[in-house]
Amino acid sequence: MTAVSHLYVHVPFCAHRCGYCDFVTVSGRRGQHEAYVDALLAELELERSRLAAALDTVYLGGGTPTFAEPRPLERLLRSLPPAAEVTVEANPETVTPALVALLRRVGVTRVSLGAQSFEPRLLAVLERRAGADDVRRAFARLRDGGFDNVSLDLLYGIPGQSAADLERDLGCALALAPEHVSCYELEAKPGTRFTHAHGAELARQADSTEGYFELVVETLTAAGYRWYETSSFCLDGRRSRHNLATWLGRDYLGLGVGAVSTVAGLRWRNRPGLAAYLRSLDAGRLPPRELEPISQVTRRVERLMLGLRLDEPLRLADVEGAYDAGALARLERLGLLERLGDRVRLTARGRFLGGGATVELLAEMPANELVVSG
Ligand SMILES: C[S@@+](CC[C@H](N)C(=O)[O-])C[C@H]1O[C@@H](n2cnc3c(N)ncnc32)[C@H](O)[C@@H]1O
Ligand code: SF4
């Protein structure tokens, strides 16, 4: 079995819950941060044999990892295996000089800063704690502390947002000259408080998203960023190695409540309940999980769907049987896909269709079985 060289670690704590958020998070719980790190490190020990001696990437995501109390956060980062790229997600209002110093001394190489927008009216709709000045201050502190690999997250399709608002947000982001920008279309889950509050406006935004997407790509590529993945842009040599590994279908181990792992043809997801996670690991047991065997066919379908998000061409031999050859020829004729020897990639027009061209390409596949354990 090949050892895994990509590690994701989930930290669920946040100061509060933003209305649009669907990640596994809990508010506050300062008294539980030490216990949670104990549990993460216990899970790491139980799974360590799967990991390579030297990791390529570690990604600490959330939640808000930088909301965690400094002592357990430092203990966690010091105890994780070293890696060539170590990313930490940070919310702007948590980026104090002390936090920056902590991240530097434990070997973090990359910070992903959740700006979302610079427009006060839109930040209020999103129920964000940080304002535009907090984002700028956080960015300056990271630079002062020596971070030369910073990513900014932005959202588009926010209720009340216009194309001019988005243009301004992109301008504000570019003014900071981050090495990487992720720009996501806002997803709002049906039935949530956020969807109830903004339903009509969300529907109006949905009609504009194609134009927003084009505006994002045109603005960022004109500024010299490489559009290397559907929602991701970077300066030369600054792709997210961790995210790239998942888009390329590499195995990864996920630790923490709600975390997903894919290793050697098996996928598992730790259940999202924090109390059960802490209880199991305190008793020396793996946490409750859902297991899903990934067949060869499913692997290839996923490889195709994720691989076509990238500007890097995909080897057809790696997705044999997952695509419909007739559809491939049709997409090529329509100028949505191009062949480069034994590889293919979507053209800019194909990529603007979001997943549309990829869905067209997929051959009919049997569904995976879901097995529940724990
Ligand atoms: C795991 S989240 C959390 C990061 C951090 N706590 C924050 O809020 O900035 C990482 C990124 O996912 C994106 N995101 C979160 N909720 C989203 C949603 N409902 N639709 C689209 N993107 C979302 C945001 O851009 C966010 O920065
Ligand atoms: S801070 Fe980030 S992870 Fe936490 S609730 Fe808000 S969007 Fe979700």
# chains A, B, ... in the order shown; residues from 1 in each chain; ligands from 1
$ select_by_dssp --residues "region 13-234 of chain A" --states "helix (DSSP H, G or I)" --output "MDAnalysis selection string"
chainID A and resid 30:50 65:67 70:79 92:94 97:105 120:125 132:144 163:175 193:222
$ write_last_selection --atoms "C-alpha atoms" --output "mmCIF file, in the first residue's frame"
data_model
loop_
_atom_site.group_PDB
_atom_site.id
_atom_site.type_symbol
_atom_site.label_atom_id
_atom_site.label_comp_id
_atom_site.auth_asym_id
_atom_site.auth_seq_id
_atom_site.Cartn_x
_atom_site.Cartn_y
_atom_site.Cartn_z
ATOM 1 C CA ARG A 30 -13.121 27.661 24.564
ATOM 2 C CA GLY A 31 -13.093 25.082 27.368
ATOM 3 C CA GLN A 32 -12.950 22.241 24.820
ATOM 4 C CA HIS A 33 -10.037 23.373 22.642
ATOM 5 C CA GLU A 34 -7.368 21.476 24.627
ATOM 6 C CA ALA A 35 -9.487 18.324 24.714
ATOM 7 C CA TYR A 36 -10.098 18.576 20.984
ATOM 8 C CA VAL A 37 -6.379 18.775 20.243
ATOM 9 C CA ASP A 38 -5.856 15.725 22.489
ATOM 10 C CA ALA A 39 -8.466 13.892 20.406
ATOM 11 C CA LEU A 40 -6.915 14.970 17.084
ATOM 12 C CA LEU A 41 -3.497 13.770 18.210
ATOM 13 C CA ALA A 42 -4.988 10.477 19.416
ATOM 14 C CA GLU A 43 -6.629 9.996 16.004
ATOM 15 C CA LEU A 44 -3.306 10.851 14.335
ATOM 16 C CA GLU A 45 -1.564 8.123 16.378
ATOM 17 C CA LEU A 46 -4.212 5.558 15.425
ATOM 18 C CA GLU A 47 -3.820 6.439 11.726
ATOM 19 C CA ARG A 48 -0.114 7.301 11.591
ATOM 20 C CA SER A 49 0.935 4.073 9.867
ATOM 21 C CA ARG A 50 -0.944 5.220 6.750
ATOM 22 C CA PRO A 65 -8.369 27.167 13.186
ATOM 23 C CA THR A 66 -7.020 30.579 14.241
ATOM 24 C CA PHE A 67 -9.914 31.037 16.683
ATOM 25 C CA PRO A 70 -3.085 29.777 21.238
ATOM 26 C CA ARG A 71 -1.746 27.026 23.540
ATOM 27 C CA PRO A 72 -3.626 24.093 22.015
ATOM 28 C CA LEU A 73 -3.195 25.554 18.514
ATOM 29 C CA GLU A 74 0.584 25.686 18.938
ATOM 30 C CA ARG A 75 0.668 22.219 20.506
ATOM 31 C CA LEU A 76 -1.306 20.858 17.558
ATOM 32 C CA LEU A 77 0.858 22.481 14.889
ATOM 33 C CA ARG A 78 4.054 21.335 16.616
ATOM 34 C CA SER A 79 2.776 17.756 16.845
ATOM 35 C CA PRO A 92 -9.097 38.258 9.404
ATOM 36 C CA GLU A 93 -10.191 39.406 12.888
ATOM 37 C CA THR A 94 -8.112 36.622 14.499
ATOM 38 C CA PRO A 97 0.814 39.931 15.647
ATOM 39 C CA ALA A 98 0.990 37.174 18.303
ATOM 40 C CA LEU A 99 -0.897 34.742 16.055
ATOM 41 C CA VAL A 100 1.367 35.551 13.093
ATOM 42 C CA ALA A 101 4.439 34.909 15.263
ATOM 43 C CA LEU A 102 2.946 31.610 16.460
ATOM 44 C CA LEU A 103 2.250 30.440 12.890
ATOM 45 C CA ARG A 104 5.782 31.370 11.824
ATOM 46 C CA ARG A 105 7.549 29.612 14.667
ATOM 47 C CA PRO A 120 -19.667 46.492 4.541
ATOM 48 C CA ARG A 121 -23.285 45.984 3.350
ATOM 49 C CA LEU A 122 -22.433 42.522 1.926
ATOM 50 C CA LEU A 123 -20.305 41.512 4.902
ATOM 51 C CA ALA A 124 -23.345 42.307 7.082
ATOM 52 C CA VAL A 125 -25.569 40.094 4.892
ATOM 53 C CA ALA A 132 -12.606 45.418 5.034
ATOM 54 C CA ASP A 133 -10.074 47.115 7.333
ATOM 55 C CA ASP A 134 -9.640 43.896 9.320
ATOM 56 C CA VAL A 135 -8.807 42.070 6.076
ATOM 57 C CA ARG A 136 -6.237 44.704 5.088
ATOM 58 C CA ARG A 137 -4.737 44.775 8.599
ATOM 59 C CA ALA A 138 -4.514 40.972 8.716
ATOM 60 C CA PHE A 139 -2.856 40.923 5.326
ATOM 61 C CA ALA A 140 -0.285 43.549 6.354
ATOM 62 C CA ARG A 141 0.467 41.646 9.578
ATOM 63 C CA LEU A 142 1.044 38.428 7.652
ATOM 64 C CA ARG A 143 3.432 40.226 5.291
ATOM 65 C CA ASP A 144 5.212 41.938 8.205
ATOM 66 C CA ALA A 163 -21.487 43.399 -10.849
ATOM 67 C CA ALA A 164 -19.999 46.763 -9.811
ATOM 68 C CA ASP A 165 -19.710 45.507 -6.178
ATOM 69 C CA LEU A 166 -17.903 42.405 -7.388
ATOM 70 C CA GLU A 167 -15.583 44.465 -9.567
ATOM 71 C CA ARG A 168 -14.711 46.589 -6.531
ATOM 72 C CA ASP A 169 -14.092 43.479 -4.392
ATOM 73 C CA LEU A 170 -11.748 42.071 -7.025
ATOM 74 C CA GLY A 171 -9.956 45.428 -7.193
ATOM 75 C CA CYS A 172 -9.539 45.512 -3.394
ATOM 76 C CA ALA A 173 -8.217 41.938 -3.413
ATOM 77 C CA LEU A 174 -5.761 42.683 -6.228
ATOM 78 C CA ALA A 175 -4.529 45.814 -4.442
ATOM 79 C CA ARG A 193 -32.213 30.461 7.969
ATOM 80 C CA PHE A 194 -30.090 32.259 5.349
ATOM 81 C CA THR A 195 -32.195 30.978 2.442
ATOM 82 C CA HIS A 196 -35.416 31.995 4.226
ATOM 83 C CA ALA A 197 -34.068 35.481 4.812
ATOM 84 C CA HIS A 198 -32.714 36.037 1.282
ATOM 85 C CA GLY A 199 -34.702 33.627 -0.933
ATOM 86 C CA ALA A 200 -35.910 36.078 -3.616
ATOM 87 C CA GLU A 201 -32.579 37.846 -3.840
ATOM 88 C CA LEU A 202 -30.709 34.520 -4.058
ATOM 89 C CA ALA A 203 -32.913 33.551 -7.002
ATOM 90 C CA ARG A 204 -32.119 36.866 -8.713
ATOM 91 C CA GLN A 205 -28.400 36.329 -8.080
ATOM 92 C CA ALA A 206 -28.579 32.822 -9.586
ATOM 93 C CA ASP A 207 -29.534 34.392 -12.939
ATOM 94 C CA SER A 208 -26.399 36.557 -12.877
ATOM 95 C CA THR A 209 -23.766 34.047 -11.769
ATOM 96 C CA GLU A 210 -22.515 33.206 -15.274
ATOM 97 C CA GLY A 211 -21.715 36.881 -15.860
ATOM 98 C CA TYR A 212 -20.086 37.155 -12.421
ATOM 99 C CA PHE A 213 -17.933 34.098 -13.130
ATOM 100 C CA GLU A 214 -16.732 35.606 -16.408
ATOM 101 C CA LEU A 215 -15.996 38.901 -14.677
ATOM 102 C CA VAL A 216 -13.920 37.085 -12.034
ATOM 103 C CA VAL A 217 -11.911 35.132 -14.629
ATOM 104 C CA GLU A 218 -11.370 38.124 -16.926
ATOM 105 C CA THR A 219 -10.302 40.449 -14.098
ATOM 106 C CA LEU A 220 -7.919 38.026 -12.412
ATOM 107 C CA THR A 221 -6.323 36.657 -15.585
ATOM 108 C CA ALA A 222 -5.860 40.231 -16.906
#
$ residues_near_ligand --ligand "ligand 2" --cutoff "10 Å" --atoms "only C-alpha atoms and all ligand atoms" --output "PDB file with C-alpha atoms, in the first residue's frame"
ATOM      1  CA  VAL A  11     -10.747  22.488  13.611  1.00  0.00           C
ATOM      2  CA  PRO A  12     -14.495  23.161  14.034  1.00  0.00           C
ATOM      3  CA  PHE A  13     -14.411  26.138  16.436  1.00  0.00           C
ATOM      4  CA  CYS A  14     -15.709  29.553  15.319  1.00  0.00           C
ATOM      5  CA  ALA A  15     -16.584  32.748  17.180  1.00  0.00           C
ATOM      6  CA  HIS A  16     -20.135  32.453  15.824  1.00  0.00           C
ATOM      7  CA  ARG A  17     -21.920  30.806  12.928  1.00  0.00           C
ATOM      8  CA  CYS A  18     -22.159  32.847   9.696  1.00  0.00           C
ATOM      9  CA  GLY A  19     -25.619  32.411   8.157  1.00  0.00           C
ATOM     10  CA  TYR A  20     -24.493  30.892   4.833  1.00  0.00           C
ATOM     11  CA  CYS A  21     -22.008  28.394   6.314  1.00  0.00           C
ATOM     12  CA  ASP A  22     -22.564  24.652   5.914  1.00  0.00           C
ATOM     13  CA  PHE A  23     -19.246  23.414   7.298  1.00  0.00           C
ATOM     14  CA  VAL A  24     -18.910  21.326  10.470  1.00  0.00           C
ATOM     15  CA  THR A  25     -18.531  24.095  13.069  1.00  0.00           C
ATOM     16  CA  VAL A  26     -19.373  24.854  16.707  1.00  0.00           C
ATOM     17  CA  SER A  27     -19.465  28.308  18.315  1.00  0.00           C
ATOM     18  CA  GLY A  61      -9.033  23.979   7.897  1.00  0.00           C
ATOM     19  CA  GLY A  62     -12.279  24.755   9.641  1.00  0.00           C
ATOM     20  CA  GLY A  63     -14.181  26.174  11.148  1.00  0.00           C
ATOM     21  CA  THR A  64     -11.674  28.809  12.189  1.00  0.00           C
ATOM     22  CA  PRO A  65      -8.369  27.167  13.186  1.00  0.00           C
ATOM     23  CA  PHE A  67      -9.914  31.037  16.683  1.00  0.00           C
ATOM     24  CA  GLU A  89      -7.112  28.917   7.259  1.00  0.00           C
ATOM     25  CA  ALA A  90      -7.520  32.191   9.125  1.00  0.00           C
ATOM     26  CA  ASN A  91     -10.351  34.647   9.702  1.00  0.00           C
ATOM     27  CA  PRO A  92      -9.097  38.258   9.404  1.00  0.00           C
ATOM     28  CA  GLY A 114     -11.294  34.405   4.412  1.00  0.00           C
ATOM     29  CA  ALA A 115     -12.123  37.925   3.194  1.00  0.00           C
ATOM     30  CA  GLN A 116     -15.359  37.024   1.286  1.00  0.00           C
ATOM     31  CA  LEU A 126     -23.022  37.287   5.319  1.00  0.00           C
ATOM     32  CA  GLU A 127     -22.960  37.953   9.097  1.00  0.00           C
ATOM     33  CA  ARG A 128     -19.170  38.277   9.023  1.00  0.00           C
ATOM     34  CA  ARG A 129     -17.282  39.599  12.030  1.00  0.00           C
ATOM     35  CA  ALA A 130     -14.423  41.120   9.994  1.00  0.00           C
TER      36      ALA A 130
END
$ residues_around --residues "Leu361 (chain A)" --least-positions-apart "4" --cutoff "12 Å" --atoms "only C-alpha atoms" --output "PyMOL selection string"
chain A and resi 301+304-305+308+319+321-332+336-337+344-346+350+355-357+365
$ atom_distance --atom1 "CA of Ala54 (chain A)" --atom2 "CA of Trp268 (chain A)"
23.0 Å
$ select_by_dssp --residues "region 173-330 of chain A" --states "strand (DSSP E)" --output "MDAnalysis selection string"
chainID A and resid 180:185 226:229 232:234 253:255 260:263 266:270 289:293 314:315
$ atom_distance --atom1 "CA of Ala348 (chain A)" --atom2 "CA of Glu302 (chain A)"
20.9 Å
$ decode --residues "region 40-89 of chain A" --atoms "N, CA and C atoms" --output "tab-separated table (two decimals), in the first residue's frame"
chain	number	residue	atom	x	y	z
A	40	LEU	N	-7.54	14.97	18.43
A	40	LEU	CA	-6.92	14.97	17.08
A	40	LEU	C	-5.60	14.20	17.10
A	41	LEU	N	-4.80	14.43	18.16
A	41	LEU	CA	-3.50	13.77	18.21
A	41	LEU	C	-3.66	12.28	18.47
A	42	ALA	N	-4.72	11.91	19.21
A	42	ALA	CA	-4.99	10.48	19.42
A	42	ALA	C	-5.40	9.84	18.09
A	43	GLU	N	-6.22	10.54	17.31
A	43	GLU	CA	-6.63	10.00	16.00
A	43	GLU	C	-5.41	9.88	15.09
A	44	LEU	N	-4.54	10.89	15.15
A	44	LEU	CA	-3.31	10.85	14.34
A	44	LEU	C	-2.49	9.60	14.68
A	45	GLU	N	-2.35	9.30	15.98
A	45	GLU	CA	-1.56	8.12	16.38
A	45	GLU	C	-2.20	6.84	15.83
A	46	LEU	N	-3.53	6.77	15.90
A	46	LEU	CA	-4.21	5.56	15.43
A	46	LEU	C	-4.06	5.39	13.91
A	47	GLU	N	-3.88	6.49	13.20
A	47	GLU	CA	-3.82	6.44	11.73
A	47	GLU	C	-2.41	6.63	11.18
A	48	ARG	N	-1.44	6.86	12.05
A	48	ARG	CA	-0.11	7.30	11.59
A	48	ARG	C	0.53	6.34	10.60
A	49	SER	N	0.26	5.05	10.73
A	49	SER	CA	0.93	4.07	9.87
A	49	SER	C	0.55	4.28	8.39
A	50	ARG	N	-0.55	4.99	8.15
A	50	ARG	CA	-0.94	5.22	6.75
A	50	ARG	C	-0.11	6.32	6.11
A	51	LEU	N	0.54	7.15	6.94
A	51	LEU	CA	1.21	8.34	6.43
A	51	LEU	C	2.65	8.07	6.01
A	52	ALA	N	3.07	8.78	4.97
A	52	ALA	CA	4.47	8.71	4.52
A	52	ALA	C	5.36	9.34	5.59
A	53	ALA	N	6.64	8.98	5.58
A	53	ALA	CA	7.59	9.53	6.55
A	53	ALA	C	7.70	11.04	6.36
A	54	ALA	N	7.74	11.48	5.08
A	54	ALA	CA	7.79	12.93	4.82
A	54	ALA	C	6.52	13.29	4.04
A	55	LEU	N	5.74	14.21	4.59
A	55	LEU	CA	4.48	14.60	3.93
A	55	LEU	C	4.74	15.70	2.91
A	56	ASP	N	3.88	15.73	1.90
A	56	ASP	CA	3.96	16.83	0.94
A	56	ASP	C	3.16	18.03	1.47
A	57	THR	N	1.92	17.77	1.94
A	57	THR	CA	1.10	18.90	2.40
A	57	THR	C	0.35	18.57	3.69
A	58	VAL	N	0.19	19.63	4.50
A	58	VAL	CA	-0.71	19.59	5.65
A	58	VAL	C	-1.64	20.79	5.49
A	59	TYR	N	-2.93	20.60	5.72
A	59	TYR	CA	-3.89	21.70	5.59
A	59	TYR	C	-4.76	21.73	6.84
A	60	LEU	N	-4.67	22.83	7.58
A	60	LEU	CA	-5.48	22.98	8.80
A	60	LEU	C	-6.67	23.86	8.43
A	61	GLY	N	-7.86	23.24	8.36
A	61	GLY	CA	-9.03	23.98	7.90
A	61	GLY	C	-10.14	23.95	8.93
A	62	GLY	N	-11.22	24.68	8.63
A	62	GLY	CA	-12.28	24.76	9.64
A	62	GLY	C	-13.63	25.01	9.05
A	63	GLY	N	-14.47	25.51	9.90
A	63	GLY	CA	-14.18	26.17	11.15
A	63	GLY	C	-13.15	27.31	11.01
A	64	THR	N	-12.68	27.75	12.15
A	64	THR	CA	-11.67	28.81	12.19
A	64	THR	C	-10.49	28.33	13.03
A	65	PRO	N	-9.51	27.67	12.41
A	65	PRO	CA	-8.37	27.17	13.19
A	65	PRO	C	-7.74	28.26	14.04
A	66	THR	N	-7.70	29.50	13.51
A	66	THR	CA	-7.02	30.58	14.24
A	66	THR	C	-7.87	31.16	15.36
A	67	PHE	N	-9.09	30.66	15.53
A	67	PHE	CA	-9.91	31.04	16.68
A	67	PHE	C	-9.55	30.16	17.88
A	68	ALA	N	-8.90	29.03	17.62
A	68	ALA	CA	-8.54	28.12	18.71
A	68	ALA	C	-7.59	28.84	19.67
A	69	GLU	N	-7.66	28.47	20.92
A	69	GLU	CA	-6.79	29.06	21.95
A	69	GLU	C	-5.33	28.86	21.52
A	70	PRO	N	-4.47	29.87	21.73
A	70	PRO	CA	-3.08	29.78	21.24
A	70	PRO	C	-2.33	28.55	21.74
A	71	ARG	N	-2.53	28.16	23.02
A	71	ARG	CA	-1.75	27.03	23.54
A	71	ARG	C	-2.06	25.73	22.81
A	72	PRO	N	-3.34	25.33	22.76
A	72	PRO	CA	-3.63	24.09	22.02
A	72	PRO	C	-3.32	24.21	20.52
A	73	LEU	N	-3.50	25.40	19.95
A	73	LEU	CA	-3.20	25.55	18.51
A	73	LEU	C	-1.71	25.30	18.26
A	74	GLU	N	-0.87	25.87	19.11
A	74	GLU	CA	0.58	25.69	18.94
A	74	GLU	C	0.97	24.22	19.18
A	75	ARG	N	0.36	23.63	20.21
A	75	ARG	CA	0.67	22.22	20.51
A	75	ARG	C	0.30	21.35	19.30
A	76	LEU	N	-0.86	21.64	18.71
A	76	LEU	CA	-1.31	20.86	17.56
A	76	LEU	C	-0.31	21.01	16.40
A	77	LEU	N	0.00	22.26	16.06
A	77	LEU	CA	0.86	22.48	14.89
A	77	LEU	C	2.26	21.90	15.10
A	78	ARG	N	2.73	21.92	16.33
A	78	ARG	CA	4.05	21.33	16.62
A	78	ARG	C	4.02	19.81	16.53
A	79	SER	N	2.86	19.23	16.78
A	79	SER	CA	2.78	17.76	16.84
A	79	SER	C	2.45	17.12	15.50
A	80	LEU	N	2.02	17.92	14.53
A	80	LEU	CA	1.70	17.34	13.22
A	80	LEU	C	3.01	17.04	12.48
A	81	PRO	N	2.99	16.02	11.61
A	81	PRO	CA	4.22	15.70	10.88
A	81	PRO	C	4.61	16.89	10.00
A	82	PRO	N	5.90	17.13	9.81
A	82	PRO	CA	6.32	18.25	8.95
A	82	PRO	C	5.93	17.99	7.49
A	83	ALA	N	5.78	19.07	6.73
A	83	ALA	CA	5.40	18.92	5.33
A	83	ALA	C	6.00	20.08	4.54
A	84	ALA	N	6.10	19.87	3.22
A	84	ALA	CA	6.67	20.92	2.36
A	84	ALA	C	5.76	22.14	2.35
A	85	GLU	N	4.44	21.91	2.33
A	85	GLU	CA	3.47	23.02	2.36
A	85	GLU	C	2.56	22.81	3.56
A	86	VAL	N	2.51	23.80	4.44
A	86	VAL	CA	1.62	23.73	5.61
A	86	VAL	C	0.71	24.96	5.56
A	87	THR	N	-0.58	24.74	5.27
A	87	THR	CA	-1.53	25.84	5.14
A	87	THR	C	-2.42	25.91	6.37
A	88	VAL	N	-2.72	27.13	6.80
A	88	VAL	CA	-3.70	27.33	7.88
A	88	VAL	C	-4.76	28.32	7.39
A	89	GLU	N	-6.03	27.97	7.57
A	89	GLU	CA	-7.11	28.92	7.26
A	89	GLU	C	-7.26	29.90	8.42
